[in-house]
Amino acid sequence: MNDLSKISTLLIFIFFGLISVMLAEVKLLKEIDIENNQPKPPVFVCGTCIQISINRQKLEHVKAGIEIFENNCSVCHSIHEQVVGPALKNITTRREKKWIIQMISNSQKLIKSGDTAAVKLYTKYGKTEMPAFDFTKEEMNSLIEYLDLSI
Ligand code: HEC
């Protein structure tokens, strides 16, 4: 084997090595143990540690979002089933974030402004009025992060 082919072989090994580490990281991130609220210990490179700390933050937001949902929305909404209002599964992919915020903050204002989607829903749901909610930006973001997860 000449030097050039040795170097090429080495580069190929490094390349596949990197790919494996990346795949392993993806797998590790998926294995975050949501039930016990504990990420599995970081095993690979430190990019993973950073990612885990971001995921923990997200988890805190989602937990806050669940609480807000339970206290304010669950009398009329469920994620998976229609209750008084529509099921909210995948709402963040079905509607723009700005629209969702307007709907939550003051649905009647949105309806009165003539927003087609809001008026259509209001009519479909027998003109049941959804209360207006005065959440802080942080509360609203947590709520939306939870809706985004749709679990
Ligand atoms: C009193 C019942 C009631 C409560 C409480 C309520 N909603 Fe609603 N919601 C409705 C109804 C009914 C509709 C359908 C539109 C309408 O009638 O205004 C709706 C519509 C929506 C929509 C639009 C759904 C779609 O398919 O586009 C979103 C998003 C929403 N609600 C989120 C929430 C959130 C988040 C909360 C809690 C902070 C909440 N709602 C609290 C009754 C309620």
# chains A, B, ... in the order shown; residues from 1 in each chain; ligands from 1

$ residues_around --residues "Gln108 of chain A" --least-positions-apart "6" --cutoff "9 Å" --atoms "only C-alpha atoms" --output "list in words"
Ala118, Glu129, Met130, Pro131 and Ala132 of chain A

$ write_last_selection --atoms "N, CA and C atoms" --output "short mmCIF file (atom, residue, chain, number, x, y, z; two decimals), in the first residue's frame"
data_model
loop_
_atom_site.label_atom_id
_atom_site.label_comp_id
_atom_site.auth_asym_id
_atom_site.auth_seq_id
_atom_site.Cartn_x
_atom_site.Cartn_y
_atom_site.Cartn_z
N ALA A 118 -61.40 32.04 11.46
CA ALA A 118 -62.00 32.19 12.79
C ALA A 118 -63.52 32.25 12.69
N GLU A 129 -68.62 30.94 22.47
CA GLU A 129 -67.52 31.90 22.63
C GLU A 129 -66.41 31.33 23.49
N MET A 130 -65.21 31.48 22.98
CA MET A 130 -64.05 31.06 23.76
C MET A 130 -63.61 32.27 24.59
N PRO A 131 -63.34 32.07 25.89
CA PRO A 131 -62.94 33.24 26.69
C PRO A 131 -61.62 33.83 26.20
N ALA A 132 -61.40 35.11 26.52
CA ALA A 132 -60.12 35.75 26.16
C ALA A 132 -59.14 35.49 27.30
#

$ residues_around --residues "Tyr125 of chain A" --least-positions-apart "5" --cutoff "10 Å" --atoms "only C-alpha atoms" --output "JSON, numbers by chain"
{"A": [84, 85, 86, 119, 120]}

$ atom_distance --atom1 "atom 27 (O, counted along the ligand's line) of ligand 1" --atom2 "atom CA of Glu139 of chain A"
19.5 Å

$ residues_near_ligand --ligand "ligand 1" --cutoff "9 Å" --atoms "only C-alpha atoms and all ligand atoms" --output "ChimeraX atom specification"
/A:68-77,83-89,91-92,94-95,99-105,107-108,111,117-133,135,140,143-144,147

$ closest_residue --among "A:Ser113, A:Asp148, A:Thr136, A:Gly65" --to "Glu96 of chain A" --atoms "only C-alpha atoms"
A:Asp148

$ decode --residues "segment 66-139 of chain A" --atoms "C-alpha atoms" --output "PDB file, in the first residue's frame"
ATOM      1  CA  ILE A  66     -49.418  21.406  30.249  1.00  0.00           C
ATOM      2  CA  GLU A  67     -50.348  23.068  33.530  1.00  0.00           C
ATOM      3  CA  ILE A  68     -51.696  26.156  31.751  1.00  0.00           C
ATOM      4  CA  PHE A  69     -53.651  23.932  29.390  1.00  0.00           C
ATOM      5  CA  GLU A  70     -55.125  21.861  32.214  1.00  0.00           C
ATOM      6  CA  ASN A  71     -56.152  24.953  34.184  1.00  0.00           C
ATOM      7  CA  ASN A  72     -57.575  27.016  31.338  1.00  0.00           C
ATOM      8  CA  CYS A  73     -58.356  25.002  28.241  1.00  0.00           C
ATOM      9  CA  SER A  74     -59.131  21.418  29.140  1.00  0.00           C
ATOM     10  CA  VAL A  75     -62.768  22.128  30.078  1.00  0.00           C
ATOM     11  CA  CYS A  76     -63.364  22.746  26.379  1.00  0.00           C
ATOM     12  CA  HIS A  77     -60.408  21.202  24.547  1.00  0.00           C
ATOM     13  CA  SER A  78     -58.520  17.968  24.337  1.00  0.00           C
ATOM     14  CA  ILE A  79     -55.543  17.367  22.093  1.00  0.00           C
ATOM     15  CA  HIS A  80     -56.993  14.300  20.430  1.00  0.00           C
ATOM     16  CA  GLU A  81     -60.753  14.680  20.604  1.00  0.00           C
ATOM     17  CA  GLN A  82     -63.327  17.304  19.949  1.00  0.00           C
ATOM     18  CA  VAL A  83     -64.927  18.463  23.198  1.00  0.00           C
ATOM     19  CA  VAL A  84     -66.732  21.837  23.332  1.00  0.00           C
ATOM     20  CA  GLY A  85     -64.093  23.201  20.981  1.00  0.00           C
ATOM     21  CA  PRO A  86     -62.029  21.447  18.304  1.00  0.00           C
ATOM     22  CA  ALA A  87     -59.253  18.916  19.000  1.00  0.00           C
ATOM     23  CA  LEU A  88     -55.963  20.786  19.056  1.00  0.00           C
ATOM     24  CA  LYS A  89     -53.682  18.075  17.677  1.00  0.00           C
ATOM     25  CA  ASN A  90     -51.068  19.523  15.330  1.00  0.00           C
ATOM     26  CA  ILE A  91     -52.640  22.951  15.578  1.00  0.00           C
ATOM     27  CA  THR A  92     -49.191  24.523  15.125  1.00  0.00           C
ATOM     28  CA  THR A  93     -48.822  22.926  11.716  1.00  0.00           C
ATOM     29  CA  ARG A  94     -52.410  23.652  10.710  1.00  0.00           C
ATOM     30  CA  ARG A  95     -52.394  27.333  11.709  1.00  0.00           C
ATOM     31  CA  GLU A  96     -49.897  30.179  11.873  1.00  0.00           C
ATOM     32  CA  LYS A  97     -48.428  30.862  15.325  1.00  0.00           C
ATOM     33  CA  LYS A  98     -49.605  34.488  15.133  1.00  0.00           C
ATOM     34  CA  TRP A  99     -53.173  33.353  14.422  1.00  0.00           C
ATOM     35  CA  ILE A 100     -53.132  30.890  17.334  1.00  0.00           C
ATOM     36  CA  ILE A 101     -51.943  33.637  19.697  1.00  0.00           C
ATOM     37  CA  GLN A 102     -54.661  36.002  18.481  1.00  0.00           C
ATOM     38  CA  MET A 103     -57.263  33.274  18.882  1.00  0.00           C
ATOM     39  CA  ILE A 104     -56.176  32.522  22.452  1.00  0.00           C
ATOM     40  CA  SER A 105     -55.768  36.159  23.458  1.00  0.00           C
ATOM     41  CA  ASN A 106     -59.095  37.354  22.122  1.00  0.00           C
ATOM     42  CA  SER A 107     -60.995  35.099  19.743  1.00  0.00           C
ATOM     43  CA  GLN A 108     -63.972  37.452  19.581  1.00  0.00           C
ATOM     44  CA  LYS A 109     -61.764  40.305  18.392  1.00  0.00           C
ATOM     45  CA  LEU A 110     -60.352  38.047  15.664  1.00  0.00           C
ATOM     46  CA  ILE A 111     -63.849  36.927  14.654  1.00  0.00           C
ATOM     47  CA  LYS A 112     -65.143  40.502  14.585  1.00  0.00           C
ATOM     48  CA  SER A 113     -62.192  41.532  12.421  1.00  0.00           C
ATOM     49  CA  GLY A 114     -63.667  39.183   9.810  1.00  0.00           C
ATOM     50  CA  ASP A 115     -60.842  36.606   9.797  1.00  0.00           C
ATOM     51  CA  THR A 116     -62.229  33.897   7.492  1.00  0.00           C
ATOM     52  CA  ALA A 117     -60.887  30.865   9.395  1.00  0.00           C
ATOM     53  CA  ALA A 118     -62.000  32.194  12.786  1.00  0.00           C
ATOM     54  CA  VAL A 119     -65.494  33.109  11.548  1.00  0.00           C
ATOM     55  CA  LYS A 120     -65.861  29.696   9.907  1.00  0.00           C
ATOM     56  CA  LEU A 121     -64.902  27.887  13.147  1.00  0.00           C
ATOM     57  CA  TYR A 122     -67.155  30.080  15.260  1.00  0.00           C
ATOM     58  CA  THR A 123     -70.122  29.260  13.010  1.00  0.00           C
ATOM     59  CA  LYS A 124     -69.221  25.566  12.920  1.00  0.00           C
ATOM     60  CA  TYR A 125     -69.088  25.396  16.725  1.00  0.00           C
ATOM     61  CA  GLY A 126     -72.551  26.908  17.173  1.00  0.00           C
ATOM     62  CA  LYS A 127     -71.199  30.368  18.036  1.00  0.00           C
ATOM     63  CA  THR A 128     -69.740  29.143  21.331  1.00  0.00           C
ATOM     64  CA  GLU A 129     -67.525  31.903  22.634  1.00  0.00           C
ATOM     65  CA  MET A 130     -64.048  31.056  23.756  1.00  0.00           C
ATOM     66  CA  PRO A 131     -62.936  33.235  26.688  1.00  0.00           C
ATOM     67  CA  ALA A 132     -60.124  35.748  26.164  1.00  0.00           C
ATOM     68  CA  PHE A 133     -56.877  34.914  27.980  1.00  0.00           C
ATOM     69  CA  ASP A 134     -54.359  37.439  29.204  1.00  0.00           C
ATOM     70  CA  PHE A 135     -51.213  35.313  29.332  1.00  0.00           C
ATOM     71  CA  THR A 136     -47.691  36.665  29.605  1.00  0.00           C
ATOM     72  CA  LYS A 137     -45.445  36.116  26.600  1.00  0.00           C
ATOM     73  CA  GLU A 138     -43.655  33.356  28.506  1.00  0.00           C
ATOM     74  CA  GLU A 139     -46.902  31.579  29.422  1.00  0.00           C
TER      75      GLU A 139
END
